[in-house]
file query-v4.pdb (PDB, C-alpha atoms and all ligand atoms)
ATOM      1  CA  MET A   1     118.894 110.791 130.435
ATOM      2  CA  THR A   2     119.176 107.725 128.201
ATOM      3  CA  ARG A   3     120.094 108.215 124.568
ATOM      4  CA  LYS A   4     117.230 107.579 122.113
ATOM      5  CA  VAL A   5     117.122 104.144 120.483
ATOM      6  CA  THR A   6     116.898 104.732 116.723
ATOM      7  CA  LYS A   7     118.665 101.686 115.271
ATOM      8  CA  ALA A   8     117.472  98.101 115.195
ATOM      9  CA  VAL A   9     119.272  94.956 114.113
ATOM     10  CA  PHE A  10     117.280  92.121 112.528
ATOM     11  CA  PRO A  11     119.270  88.881 112.459
ATOM     12  CA  VAL A  12     117.790  86.985 109.513
ATOM     13  CA  ALA A  13     120.700  84.842 108.350
ATOM     14  CA  GLY A  14     119.232  81.512 109.543
ATOM     15  CA  MET A  15     118.452  78.864 106.943
ATOM     16  CA  GLY A  16     114.981  78.124 108.264
ATOM     17  CA  THR A  17     115.485  74.388 107.956
ATOM     18  CA  ARG A  18     112.436  73.688 110.125
ATOM     19  CA  PHE A  19     110.293  74.950 107.236
ATOM     20  CA  LEU A  20     111.852  72.935 104.426
ATOM     21  CA  PRO A  21     110.981  72.486 101.626
ATOM     22  CA  ALA A  22     109.335  75.974 101.636
ATOM     23  CA  THR A  23     112.583  77.660 102.711
ATOM     24  CA  LYS A  24     114.543  76.033  99.898
ATOM     25  CA  SER A  25     113.855  79.143  97.823
ATOM     26  CA  VAL A  26     111.846  81.487 100.081
ATOM     27  CA  PRO A  27     113.498  83.127 103.099
ATOM     28  CA  LYS A  28     111.598  82.195 106.243
ATOM     29  CA  GLU A  29     111.079  85.887 107.057
ATOM     30  CA  ILE A  30     109.085  86.340 103.839
ATOM     31  CA  MET A  31     106.624  83.589 104.735
ATOM     32  CA  THR A  32     103.253  85.161 105.384
ATOM     33  CA  LEU A  33     100.991  85.369 108.376
ATOM     34  CA  VAL A  34      97.678  85.866 106.554
ATOM     35  CA  ASP A  35      98.982  88.282 103.884
ATOM     36  CA  ARG A  36     101.952  90.031 105.459
ATOM     37  CA  PRO A  37     105.454  88.584 105.614
ATOM     38  CA  LEU A  38     106.811  87.835 109.079
ATOM     39  CA  VAL A  39     109.398  90.559 108.672
ATOM     40  CA  GLN A  40     106.729  93.204 108.063
ATOM     41  CA  TYR A  41     105.348  92.602 111.558
ATOM     42  CA  ALA A  42     108.802  93.250 113.019
ATOM     43  CA  ILE A  43     109.339  96.385 110.910
ATOM     44  CA  ASP A  44     105.959  97.829 111.919
ATOM     45  CA  GLU A  45     106.718  97.157 115.570
ATOM     46  CA  ALA A  46     110.139  98.801 115.240
ATOM     47  CA  ARG A  47     108.676 101.889 113.564
ATOM     48  CA  ALA A  48     106.087 102.267 116.323
ATOM     49  CA  ALA A  49     108.965 102.279 118.824
ATOM     50  CA  GLY A  50     110.733 105.134 117.030
ATOM     51  CA  ILE A  51     113.330 103.115 115.087
ATOM     52  CA  LYS A  52     114.661 105.007 112.067
ATOM     53  CA  GLU A  53     117.488 102.754 110.846
ATOM     54  CA  PHE A  54     116.951  99.094 110.067
ATOM     55  CA  ILE A  55     119.987  96.824 109.857
ATOM     56  CA  PHE A  56     119.450  93.345 108.451
ATOM     57  CA  VAL A  57     122.066  90.674 109.021
ATOM     58  CA  THR A  58     121.488  88.319 106.106
ATOM     59  CA  SER A  59     123.165  85.409 104.357
ATOM     60  CA  ARG A  60     123.267  83.725 100.971
ATOM     61  CA  GLY A  61     119.820  83.072  99.500
ATOM     62  CA  LYS A  62     118.049  86.024 101.128
ATOM     63  CA  SER A  63     117.733  88.291  98.088
ATOM     64  CA  ALA A  64     113.916  87.986  98.112
ATOM     65  CA  LEU A  65     114.044  89.749 101.462
ATOM     66  CA  GLU A  66     115.993  92.676  99.991
ATOM     67  CA  ASP A  67     113.635  92.860  97.011
ATOM     68  CA  TYR A  68     110.668  92.966  99.341
ATOM     69  CA  PHE A  69     111.728  96.365 100.663
ATOM     70  CA  ASP A  70     112.234  97.917  97.218
ATOM     71  CA  HIS A  71     109.540  99.977  95.525
ATOM     72  CA  ASN A  72     107.845  97.822  92.903
ATOM     73  CA  LEU A  73     107.297 100.558  90.297
ATOM     74  CA  VAL A  74     105.657  98.362  87.658
ATOM     75  CA  LEU A  75     103.137  97.064  90.171
ATOM     76  CA  GLU A  76     102.514 100.559  91.565
ATOM     77  CA  GLN A  77     101.853 102.013  88.092
ATOM     78  CA  GLU A  78      99.530  99.151  87.257
ATOM     79  CA  LEU A  79      97.518  99.643  90.446
ATOM     80  CA  MET A  80      97.420 103.405  89.898
ATOM     81  CA  ALA A  81      96.176 103.008  86.323
ATOM     82  CA  LYS A  82      93.392 100.746  87.593
ATOM     83  CA  GLY A  83      92.509 103.102  90.454
ATOM     84  CA  LYS A  84      93.213 100.433  93.086
ATOM     85  CA  ASN A  85      93.966 102.941  95.814
ATOM     86  CA  LYS A  86      93.455 100.608  98.777
ATOM     87  CA  LEU A  87      96.080  98.204  97.457
ATOM     88  CA  LEU A  88      98.406 101.114  96.679
ATOM     89  CA  ASP A  89      98.045 102.245 100.269
ATOM     90  CA  ILE A  90      98.976  98.786 101.539
ATOM     91  CA  LEU A  91     102.039  98.755  99.277
ATOM     92  CA  ASN A  92     103.112 102.240 100.307
ATOM     93  CA  LYS A  93     103.176 101.191 103.947
ATOM     94  CA  THR A  94     105.820  98.574 103.113
ATOM     95  CA  ASN A  95     108.147 101.010 101.334
ATOM     96  CA  MET A  96     111.201 102.090 103.297
ATOM     97  CA  GLU A  97     112.709 105.542 103.202
ATOM     98  CA  SER A  98     115.846 105.645 101.026
ATOM     99  CA  GLY A  99     118.941 104.932 103.085
ATOM    100  CA  ALA A 100     116.965 103.763 106.124
ATOM    101  CA  ILE A 101     117.735 100.128 105.531
ATOM    102  CA  ALA A 102     121.110  98.371 105.388
ATOM    103  CA  TYR A 103     122.114  94.779 104.739
ATOM    104  CA  ILE A 104     125.192  93.112 106.159
ATOM    105  CA  ARG A 105     126.156  89.536 105.406
ATOM    106  CA  GLN A 106     126.991  87.055 108.113
ATOM    107  CA  HIS A 107     129.464  84.923 106.213
ATOM    108  CA  LYS A 108     129.341  81.953 108.559
ATOM    109  CA  ALA A 109     126.582  80.701 110.850
ATOM    110  CA  LEU A 110     128.480  81.238 114.096
ATOM    111  CA  GLY A 111     125.512  82.097 116.313
ATOM    112  CA  LEU A 112     123.160  84.956 117.236
ATOM    113  CA  GLY A 113     125.872  86.873 119.103
ATOM    114  CA  HIS A 114     128.103  86.763 116.060
ATOM    115  CA  ALA A 115     125.229  87.902 113.789
ATOM    116  CA  VAL A 116     124.642  90.981 115.947
ATOM    117  CA  TRP A 117     128.407  91.646 116.136
ATOM    118  CA  CYS A 118     128.496  91.706 112.312
ATOM    119  CA  ALA A 119     126.434  94.934 112.494
ATOM    120  CA  ARG A 120     128.830  96.673 114.935
ATOM    121  CA  ARG A 121     130.133  99.324 112.533
ATOM    122  CA  LEU A 122     126.631 100.357 111.520
ATOM    123  CA  ILE A 123     125.527 100.534 115.148
ATOM    124  CA  GLY A 124     128.489 102.579 116.369
ATOM    125  CA  ASP A 125     128.559 103.868 119.927
ATOM    126  CA  GLU A 126     124.888 104.050 120.818
ATOM    127  CA  PRO A 127     122.143 101.898 122.304
ATOM    128  CA  PHE A 128     120.344  99.710 119.772
ATOM    129  CA  ALA A 129     117.468  97.277 119.536
ATOM    130  CA  VAL A 130     117.646  93.671 118.356
ATOM    131  CA  MET A 131     114.474  92.064 117.012
ATOM    132  CA  LEU A 132     114.103  88.394 116.105
ATOM    133  CA  PRO A 133     111.289  88.298 113.502
ATOM    134  CA  ASP A 134     110.472  84.669 114.462
ATOM    135  CA  ASP A 135     109.030  85.967 117.695
ATOM    136  CA  VAL A 136     105.800  87.678 116.696
ATOM    137  CA  ILE A 137     104.066  89.543 119.504
ATOM    138  CA  ALA A 138     100.440  90.642 119.264
ATOM    139  CA  ALA A 139      99.858  93.550 121.629
ATOM    140  CA  ASP A 140      97.769  96.722 121.946
ATOM    141  CA  LYS A 141     100.943  98.714 122.447
ATOM    142  CA  PRO A 142     103.709  97.082 120.368
ATOM    143  CA  CYS A 143     106.225  95.219 122.544
ATOM    144  CA  LEU A 144     109.333  97.184 121.559
ATOM    145  CA  GLN A 145     107.515 100.440 122.253
ATOM    146  CA  GLN A 146     106.638  99.189 125.754
ATOM    147  CA  MET A 147     110.302  98.355 126.260
ATOM    148  CA  VAL A 148     111.624 101.684 124.948
ATOM    149  CA  GLU A 149     109.336 103.509 127.379
ATOM    150  CA  ALA A 150     110.556 101.374 130.292
ATOM    151  CA  TYR A 151     114.180 101.676 129.155
ATOM    152  CA  GLU A 152     113.960 105.475 129.202
ATOM    153  CA  GLU A 153     113.521 105.112 132.983
ATOM    154  CA  THR A 154     116.027 102.325 133.639
ATOM    155  CA  GLY A 155     118.882 102.593 131.110
ATOM    156  CA  GLY A 156     121.213  99.559 131.082
ATOM    157  CA  ASN A 157     120.365  96.567 128.907
ATOM    158  CA  MET A 158     116.818  95.267 128.585
ATOM    159  CA  VAL A 159     115.459  91.972 127.253
ATOM    160  CA  ALA A 160     111.838  90.952 126.726
ATOM    161  CA  THR A 161     110.858  88.090 128.982
ATOM    162  CA  MET A 162     107.963  85.751 129.722
ATOM    163  CA  GLU A 163     107.427  82.685 131.862
ATOM    164  CA  VAL A 164     107.674  79.368 130.038
ATOM    165  CA  PRO A 165     106.844  75.856 131.308
ATOM    166  CA  PRO A 166     109.892  74.492 133.220
ATOM    167  CA  GLU A 167     110.502  71.732 130.633
ATOM    168  CA  LYS A 168     110.993  74.386 127.907
ATOM    169  CA  THR A 169     113.953  76.258 129.395
ATOM    170  CA  SER A 170     116.427  74.449 127.133
ATOM    171  CA  SER A 171     114.983  76.350 124.127
ATOM    172  CA  TYR A 172     115.661  79.826 125.526
ATOM    173  CA  GLY A 173     117.994  82.227 127.235
ATOM    174  CA  VAL A 174     116.875  82.184 130.894
ATOM    175  CA  LEU A 175     117.160  84.964 133.489
ATOM    176  CA  ASP A 176     118.575  84.557 136.972
ATOM    177  CA  VAL A 177     116.578  86.931 139.173
ATOM    178  CA  VAL A 178     116.145  87.833 142.836
ATOM    179  CA  ASP A 179     112.407  88.251 142.486
ATOM    180  CA  SER A 180     110.011  88.821 139.623
ATOM    181  CA  ILE A 181     107.619  91.448 140.910
ATOM    182  CA  GLY A 182     106.276  93.954 138.387
ATOM    183  CA  PRO A 183     107.118  94.274 134.719
ATOM    184  CA  VAL A 184     110.759  95.399 135.141
ATOM    185  CA  ILE A 185     112.881  92.631 136.646
ATOM    186  CA  PRO A 186     116.565  93.183 137.459
ATOM    187  CA  ALA A 187     118.637  90.150 136.448
ATOM    188  CA  LYS A 188     121.713  88.938 138.301
ATOM    189  CA  GLY A 189     122.650  86.482 135.593
ATOM    190  CA  MET A 190     121.566  84.908 132.291
ATOM    191  CA  VAL A 191     122.105  81.411 130.902
ATOM    192  CA  GLU A 192     121.603  80.227 127.321
ATOM    193  CA  LYS A 193     119.417  77.140 126.911
ATOM    194  CA  PRO A 194     119.835  75.522 130.341
ATOM    195  CA  GLU A 195     118.491  72.043 131.002
ATOM    196  CA  PRO A 196     115.381  72.339 133.218
ATOM    197  CA  SER A 197     117.305  71.021 136.238
ATOM    198  CA  LYS A 198     119.888  73.804 135.871
ATOM    199  CA  ALA A 199     117.569  76.687 134.909
ATOM    200  CA  PRO A 200     117.787  79.603 137.366
ATOM    201  CA  SER A 201     114.115  80.544 136.742
ATOM    202  CA  LYS A 202     111.229  80.067 134.311
ATOM    203  CA  LEU A 203     111.762  83.546 132.827
ATOM    204  CA  ALA A 204     112.738  83.051 129.189
ATOM    205  CA  VAL A 205     114.277  85.704 126.973
ATOM    206  CA  ILE A 206     112.006  86.532 124.010
ATOM    207  CA  GLY A 207     113.437  88.061 120.826
ATOM    208  CA  ARG A 208     113.364  91.783 121.692
ATOM    209  CA  TYR A 209     116.414  93.468 123.169
ATOM    210  CA  ILE A 210     117.616  97.000 123.890
ATOM    211  CA  LEU A 211     121.372  96.832 124.292
ATOM    212  CA  ARG A 212     124.301  99.054 125.036
ATOM    213  CA  PRO A 213     127.336  99.096 122.739
ATOM    214  CA  SER A 214     129.336  97.447 125.548
ATOM    215  CA  VAL A 215     127.617  94.175 124.546
ATOM    216  CA  LEU A 216     129.311  94.475 121.139
ATOM    217  CA  ASN A 217     132.681  94.891 122.891
ATOM    218  CA  ASN A 218     131.991  91.731 124.878
ATOM    219  CA  LEU A 219     131.321  89.928 121.596
ATOM    220  CA  ASN A 220     134.775  90.909 120.282
ATOM    221  CA  ALA A 221     136.209  88.047 122.326
ATOM    222  CA  MET A 222     134.309  85.558 120.100
ATOM    223  CA  LYS A 223     133.773  83.201 123.030
ATOM    224  CA  THR A 224     131.631  80.208 122.149
ATOM    225  CA  GLY A 225     128.897  78.960 124.470
ATOM    226  CA  SER A 226     125.827  76.752 124.238
ATOM    227  CA  GLY A 227     125.793  74.607 121.071
ATOM    228  CA  GLY A 228     129.350  75.755 120.236
ATOM    229  CA  GLU A 229     127.921  79.102 119.035
ATOM    230  CA  ILE A 230     128.716  82.702 119.933
ATOM    231  CA  GLN A 231     125.722  83.557 122.091
ATOM    232  CA  LEU A 232     124.147  86.982 122.550
ATOM    233  CA  THR A 233     122.918  85.865 125.970
ATOM    234  CA  ASP A 234     126.500  85.313 127.176
ATOM    235  CA  ALA A 235     127.624  88.751 125.963
ATOM    236  CA  ILE A 236     124.716  90.412 127.802
ATOM    237  CA  ALA A 237     125.435  88.370 130.951
ATOM    238  CA  GLU A 238     129.037  89.625 130.863
ATOM    239  CA  ASP A 239     127.753  93.189 131.200
ATOM    240  CA  ILE A 240     126.047  92.242 134.491
ATOM    241  CA  ALA A 241     129.391  91.015 135.792
ATOM    242  CA  SER A 242     130.995  94.357 134.930
ATOM    243  CA  GLY A 243     128.299  96.339 136.731
ATOM    244  CA  VAL A 244     125.952  97.312 133.868
ATOM    245  CA  PRO A 245     122.397  96.439 134.904
ATOM    246  CA  VAL A 246     120.281  94.074 132.827
ATOM    247  CA  PHE A 247     116.506  94.125 133.131
ATOM    248  CA  GLY A 248     113.954  91.592 132.011
ATOM    249  CA  TYR A 249     110.791  93.278 130.762
ATOM    250  CA  LYS A 250     107.555  91.311 131.136
ATOM    251  CA  PHE A 251     105.651  92.674 128.168
ATOM    252  CA  ASP A 252     101.886  92.870 127.763
ATOM    253  CA  GLY A 253     100.873  90.811 124.760
ATOM    254  CA  GLN A 254     100.747  87.367 123.222
ATOM    255  CA  ARG A 255     103.923  85.899 121.775
ATOM    256  CA  PHE A 256     103.913  83.392 118.928
ATOM    257  CA  ASP A 257     106.963  81.246 118.239
ATOM    258  CA  CYS A 258     106.898  81.492 114.450
ATOM    259  CA  GLY A 259     110.178  79.581 114.298
ATOM    260  CA  SER A 260     108.074  76.445 114.895
ATOM    261  CA  LYS A 261     105.353  75.109 112.610
ATOM    262  CA  SER A 262     102.823  74.902 115.381
ATOM    263  CA  GLY A 263     103.520  78.486 116.536
ATOM    264  CA  PHE A 264     103.352  79.728 112.966
ATOM    265  CA  LEU A 265      99.949  78.098 112.468
ATOM    266  CA  GLN A 266      98.639  79.453 115.761
ATOM    267  CA  ALA A 267      99.747  82.953 114.750
ATOM    268  CA  THR A 268      98.119  82.561 111.336
ATOM    269  CA  VAL A 269      94.786  81.550 112.860
ATOM    270  CA  SER A 270      94.950  84.189 115.546
ATOM    271  CA  PHE A 271      95.813  87.069 113.203
ATOM    272  CA  ALA A 272      93.177  85.902 110.722
ATOM    273  CA  LEU A 273      90.510  85.815 113.451
ATOM    274  CA  ALA A 274      91.416  89.411 114.287
ATOM    275  CA  ARG A 275      90.508  90.492 110.745
ATOM    276  CA  ASP A 276      87.016  91.686 109.878
ATOM    277  CA  ASP A 277      87.257  90.277 106.340
ATOM    278  CA  LEU A 278      88.180  86.743 107.479
ATOM    279  CA  ARG A 279      86.763  86.216 110.975
ATOM    280  CA  ASP A 280      83.303  84.848 110.146
ATOM    281  CA  ASP A 281      84.343  82.365 107.475
ATOM    282  CA  LEU A 282      87.320  81.091 109.404
ATOM    283  CA  SER A 283      85.585  80.647 112.752
ATOM    284  CA  GLN A 284      82.737  78.819 111.047
ATOM    285  CA  TYR A 285      85.270  76.524 109.396
ATOM    286  CA  LEU A 286      87.193  75.967 112.652
ATOM    287  CA  ASN A 287      84.011  75.073 114.511
ATOM    288  CA  ASP A 288      83.034  72.615 111.784
ATOM    289  CA  ILE A 289      86.400  70.939 111.553
ATOM    290  CA  VAL A 290      86.644  70.530 115.340
ATOM    291  CA  ALA A 291      83.105  69.106 115.486
ATOM    292  CA  THR A 292      83.642  66.613 112.664
ATOM    293  CA  GLY A 293      87.379  65.965 113.213
ATOM    294  CA  LYS A 294      87.884  65.907 109.457
ATOM    295  CA  ALA A 295      91.399  66.784 108.308
ATOM    296  CA  ALA A 296      92.783  67.209 104.774
ATOM    297  CA  GLN A 297      93.409  63.864 103.081
TER     298      GLN A 297
HETATM  299  C1  LIG B 301     117.449  82.843 120.507
HETATM  300  C2  LIG B 301     118.298  83.241 121.715
HETATM  301  C3  LIG B 301     117.621  82.837 123.006
HETATM  302  C4  LIG B 301     116.220  83.414 123.061
HETATM  303  C5  LIG B 301     115.409  82.996 121.808
HETATM  304  C6  LIG B 301     114.072  83.723 121.784
HETATM  305  O1  LIG B 301     117.430  81.424 120.439
HETATM  306  O2  LIG B 301     119.587  82.656 121.615
HETATM  307  O3  LIG B 301     118.359  83.291 124.116
HETATM  308  O4  LIG B 301     115.568  82.960 124.233
HETATM  309  O5  LIG B 301     116.126  83.335 120.608
HETATM  310  O6  LIG B 301     113.273  83.298 120.721
HETATM  311  P1  LIG B 301     116.995  80.611 119.093
HETATM  312  O7  LIG B 301     115.506  80.571 119.110
HETATM  313  O8  LIG B 301     117.547  81.396 117.938
HETATM  314  O9  LIG B 301     117.612  79.262 119.230
END
call {"tool": "encode", "arguments": {"input": "query-v4.pdb", "output": "structure tokens"}}
result
Amino acid sequence: MTRKVTKAVFPVAGMGTRFLPATKSVPKEIMTLVDRPLVQYAIDEARAAGIKEFIFVTSRGKSALEDYFDHNLVLEQELMAKGKNKLLDILNKTNMESGAIAYIRQHKALGLGHAVWCARRLIGDEPFAVMLPDDVIAADKPCLQQMVEAYEETGGNMVATMEVPPEKTSSYGVLDVVDSIGPVIPAKGMVEKPEPSKAPSKLAVIGRYILRPSVLNNLNAMKTGSGGEIQLTDAIAEDIASGVPVFGYKFDGQRFDCGSKSGFLQATVSFALARDDLRDDLSQYLNDIVATGKAAQ
């Protein structure tokens, strides 16, 4: 029997420089897809997977993110007085249970592995999830829930994976596999951001992980890897070497790379088209703009 996964780590310390000037004062994770901040998508997915404790690894300048999860009493009273129950409902869904959310600072940008390691005392000796809010996954059954269900059968470590074009491997952790039949793929190795000529496969790691505490022990060594950073991929790969299995999980769903402008825009359009209140107007507009080729001046 595997132990239940009830804790998730959200590394959100990055400066979001790709979205400057917006991220000069707004944390990237608060930027909205339609009308919900990126981080809300990750929280909803985590909740659906049974996560009860949410650990954010933050940095200087992220206080708007902490405020976002507080009750906004003034706003709530105002909406109540005006009888705006639908809006109140939307707000209530964003409120977190007291004590369910914790913030830890990563004092230096030393890499994703280091960010996760910063949460080690809050994680303790149990399996935990890691979710990168930049990777937004639209799916009928939320991606982390798919993984938790698979993990209950396999144990070990599990990472979300999908095939990427060969020229893109240098943007991802990449799995070394014997074969890739079915959704659960045993990995015999993992490499962070390999050049296409050195990539062991086209199976990229996407930002959802279920990890054993042994990965945190591996991170204690503070070994640097790709880009001179302490890489989570390397710490997971070390587990394979010491006999703990690692599985890639080919999830059902569409992943948007909201760490890039183009991915963010694609996600915005796609989530808007899924909404009854926006679909007609937006698709009409998209058809027109494609037909006439007219962009903003
Ligand atoms: C991180 C991980 C990488 C993973 C990617 C998924 O990279 O280090 O292994 O494939 O997230 O989005 P980053 O995008 O932070 O450079």
call {"tool": "resolve_selection", "arguments": {"input": "query-v4.pdb", "expression": "the PyMOL selection byres (((chain A and resi 109-126) around 10) and not hetatm)", "output": "PyMOL selection string"}}
result
chain A and resi 3-15+53-59+102-108+127-130+132+211-220+222-236
call {"tool": "residues_near_ligand", "arguments": {"input": "query-v4.pdb", "ligand": "ligand LIG 301 (chain B)", "cutoff": "6 Å", "atoms": "only C-alpha atoms and all ligand atoms", "output": "PyMOL selection string"}}
result
chain A and resi 135+172-173+192+204-207+233
call {"tool": "closest_residue", "arguments": {"input": "query-v4.pdb", "among": "A:Tyr41, A:Lys52, A:Lys62, A:Val159", "to": "Ser25 in chain A", "atoms": "all atoms listed in the file"}}
result
A:Lys62
call {"tool": "resolve_selection", "arguments": {"input": "query-v4.pdb", "expression": "the PyMOL selection byres (((chain A and resi 180) around 12) and not hetatm)", "output": "list in words"}}
result
Thr161, Met162, Glu163, Leu175, Asp176, Val177, Val178, Asp179, Ile181, Gly182, Pro183, Val184, Ile185, Pro186, Ala187, Lys188, Ser201, Lys202, Leu203, Phe247, Gly248, Tyr249 and Lys250 of chain A
call {"tool": "atom_distance", "arguments": {"input": "query-v4.pdb", "atom1": "CA of Met158 in chain A", "atom2": "CA of Tyr209 in chain A"}}
result
5.7 Å
call {"tool": "resolve_selection", "arguments": {"input": "query-v4.pdb", "expression": "the PyMOL selection byres (((chain A and resi 81-95) around 10) and not hetatm)", "output": "VMD selection string"}}
result
chain A and resid 36 40 43 to 44 68 to 72 75 to 80 96 to 98
call {"tool": "decode", "arguments": {"input": "query-v4.pdb", "residues": "range 125-176 of chain A", "atoms": "C-alpha atoms", "output": "PDB file, in the first residue's frame"}}
result
ATOM      1  CA  ASP A 125       8.941  11.775   5.760  1.00  0.00           C
ATOM      2  CA  GLU A 126       6.113  11.203   3.314  1.00  0.00           C
ATOM      3  CA  PRO A 127       5.443  11.223  -0.417  1.00  0.00           C
ATOM      4  CA  PHE A 128       4.566  14.644  -1.818  1.00  0.00           C
ATOM      5  CA  ALA A 129       3.520  16.298  -5.045  1.00  0.00           C
ATOM      6  CA  VAL A 130       5.332  19.116  -6.835  1.00  0.00           C
ATOM      7  CA  MET A 131       3.328  21.329  -9.187  1.00  0.00           C
ATOM      8  CA  LEU A 132       4.801  23.988 -11.466  1.00  0.00           C
ATOM      9  CA  PRO A 133       1.954  26.496 -12.030  1.00  0.00           C
ATOM     10  CA  ASP A 134       3.504  27.562 -15.378  1.00  0.00           C
ATOM     11  CA  ASP A 135       2.436  24.240 -16.804  1.00  0.00           C
ATOM     12  CA  VAL A 136      -1.332  24.488 -17.118  1.00  0.00           C
ATOM     13  CA  ILE A 137      -3.048  21.268 -18.144  1.00  0.00           C
ATOM     14  CA  ALA A 138      -6.615  21.203 -19.442  1.00  0.00           C
ATOM     15  CA  ALA A 139      -8.082  17.748 -18.890  1.00  0.00           C
ATOM     16  CA  ASP A 140     -11.404  16.039 -18.137  1.00  0.00           C
ATOM     17  CA  LYS A 141      -9.814  14.357 -15.147  1.00  0.00           C
ATOM     18  CA  PRO A 142      -7.218  16.752 -13.679  1.00  0.00           C
ATOM     19  CA  CYS A 143      -3.651  15.624 -14.416  1.00  0.00           C
ATOM     20  CA  LEU A 144      -2.465  15.238 -10.820  1.00  0.00           C
ATOM     21  CA  GLN A 145      -5.523  13.141 -10.018  1.00  0.00           C
ATOM     22  CA  GLN A 146      -4.688  10.829 -12.942  1.00  0.00           C
ATOM     23  CA  MET A 147      -1.169  10.529 -11.562  1.00  0.00           C
ATOM     24  CA  VAL A 148      -2.238   9.877  -7.959  1.00  0.00           C
ATOM     25  CA  GLU A 149      -4.469   7.044  -9.172  1.00  0.00           C
ATOM     26  CA  ALA A 150      -1.615   5.519 -11.187  1.00  0.00           C
ATOM     27  CA  TYR A 151       0.852   6.063  -8.335  1.00  0.00           C
ATOM     28  CA  GLU A 152      -1.376   4.124  -5.934  1.00  0.00           C
ATOM     29  CA  GLU A 153      -0.603   1.090  -8.128  1.00  0.00           C
ATOM     30  CA  THR A 154       3.083   1.735  -8.812  1.00  0.00           C
ATOM     31  CA  GLY A 155       4.609   3.553  -5.814  1.00  0.00           C
ATOM     32  CA  GLY A 156       8.122   4.924  -6.462  1.00  0.00           C
ATOM     33  CA  ASN A 157       8.532   8.368  -7.999  1.00  0.00           C
ATOM     34  CA  MET A 158       6.311   9.577 -10.825  1.00  0.00           C
ATOM     35  CA  VAL A 159       6.683  12.490 -13.245  1.00  0.00           C
ATOM     36  CA  ALA A 160       4.200  13.739 -15.834  1.00  0.00           C
ATOM     37  CA  THR A 161       5.521  13.318 -19.344  1.00  0.00           C
ATOM     38  CA  MET A 162       4.649  14.086 -22.956  1.00  0.00           C
ATOM     39  CA  GLU A 163       6.410  13.832 -26.288  1.00  0.00           C
ATOM     40  CA  VAL A 164       7.962  17.053 -27.554  1.00  0.00           C
ATOM     41  CA  PRO A 165       9.515  17.796 -30.971  1.00  0.00           C
ATOM     42  CA  PRO A 166      13.173  16.601 -30.940  1.00  0.00           C
ATOM     43  CA  GLU A 167      14.526  20.170 -31.277  1.00  0.00           C
ATOM     44  CA  LYS A 168      12.809  21.139 -27.986  1.00  0.00           C
ATOM     45  CA  THR A 169      14.535  18.686 -25.645  1.00  0.00           C
ATOM     46  CA  SER A 170      16.948  21.349 -24.387  1.00  0.00           C
ATOM     47  CA  SER A 171      14.018  23.089 -22.620  1.00  0.00           C
ATOM     48  CA  TYR A 172      13.018  20.081 -20.510  1.00  0.00           C
ATOM     49  CA  GLY A 173      14.007  17.220 -18.283  1.00  0.00           C
ATOM     50  CA  VAL A 174      14.031  14.181 -20.608  1.00  0.00           C
ATOM     51  CA  LEU A 175      13.386  10.525 -19.733  1.00  0.00           C
ATOM     52  CA  ASP A 176      15.598   7.625 -20.727  1.00  0.00           C
TER      53      ASP A 176
END
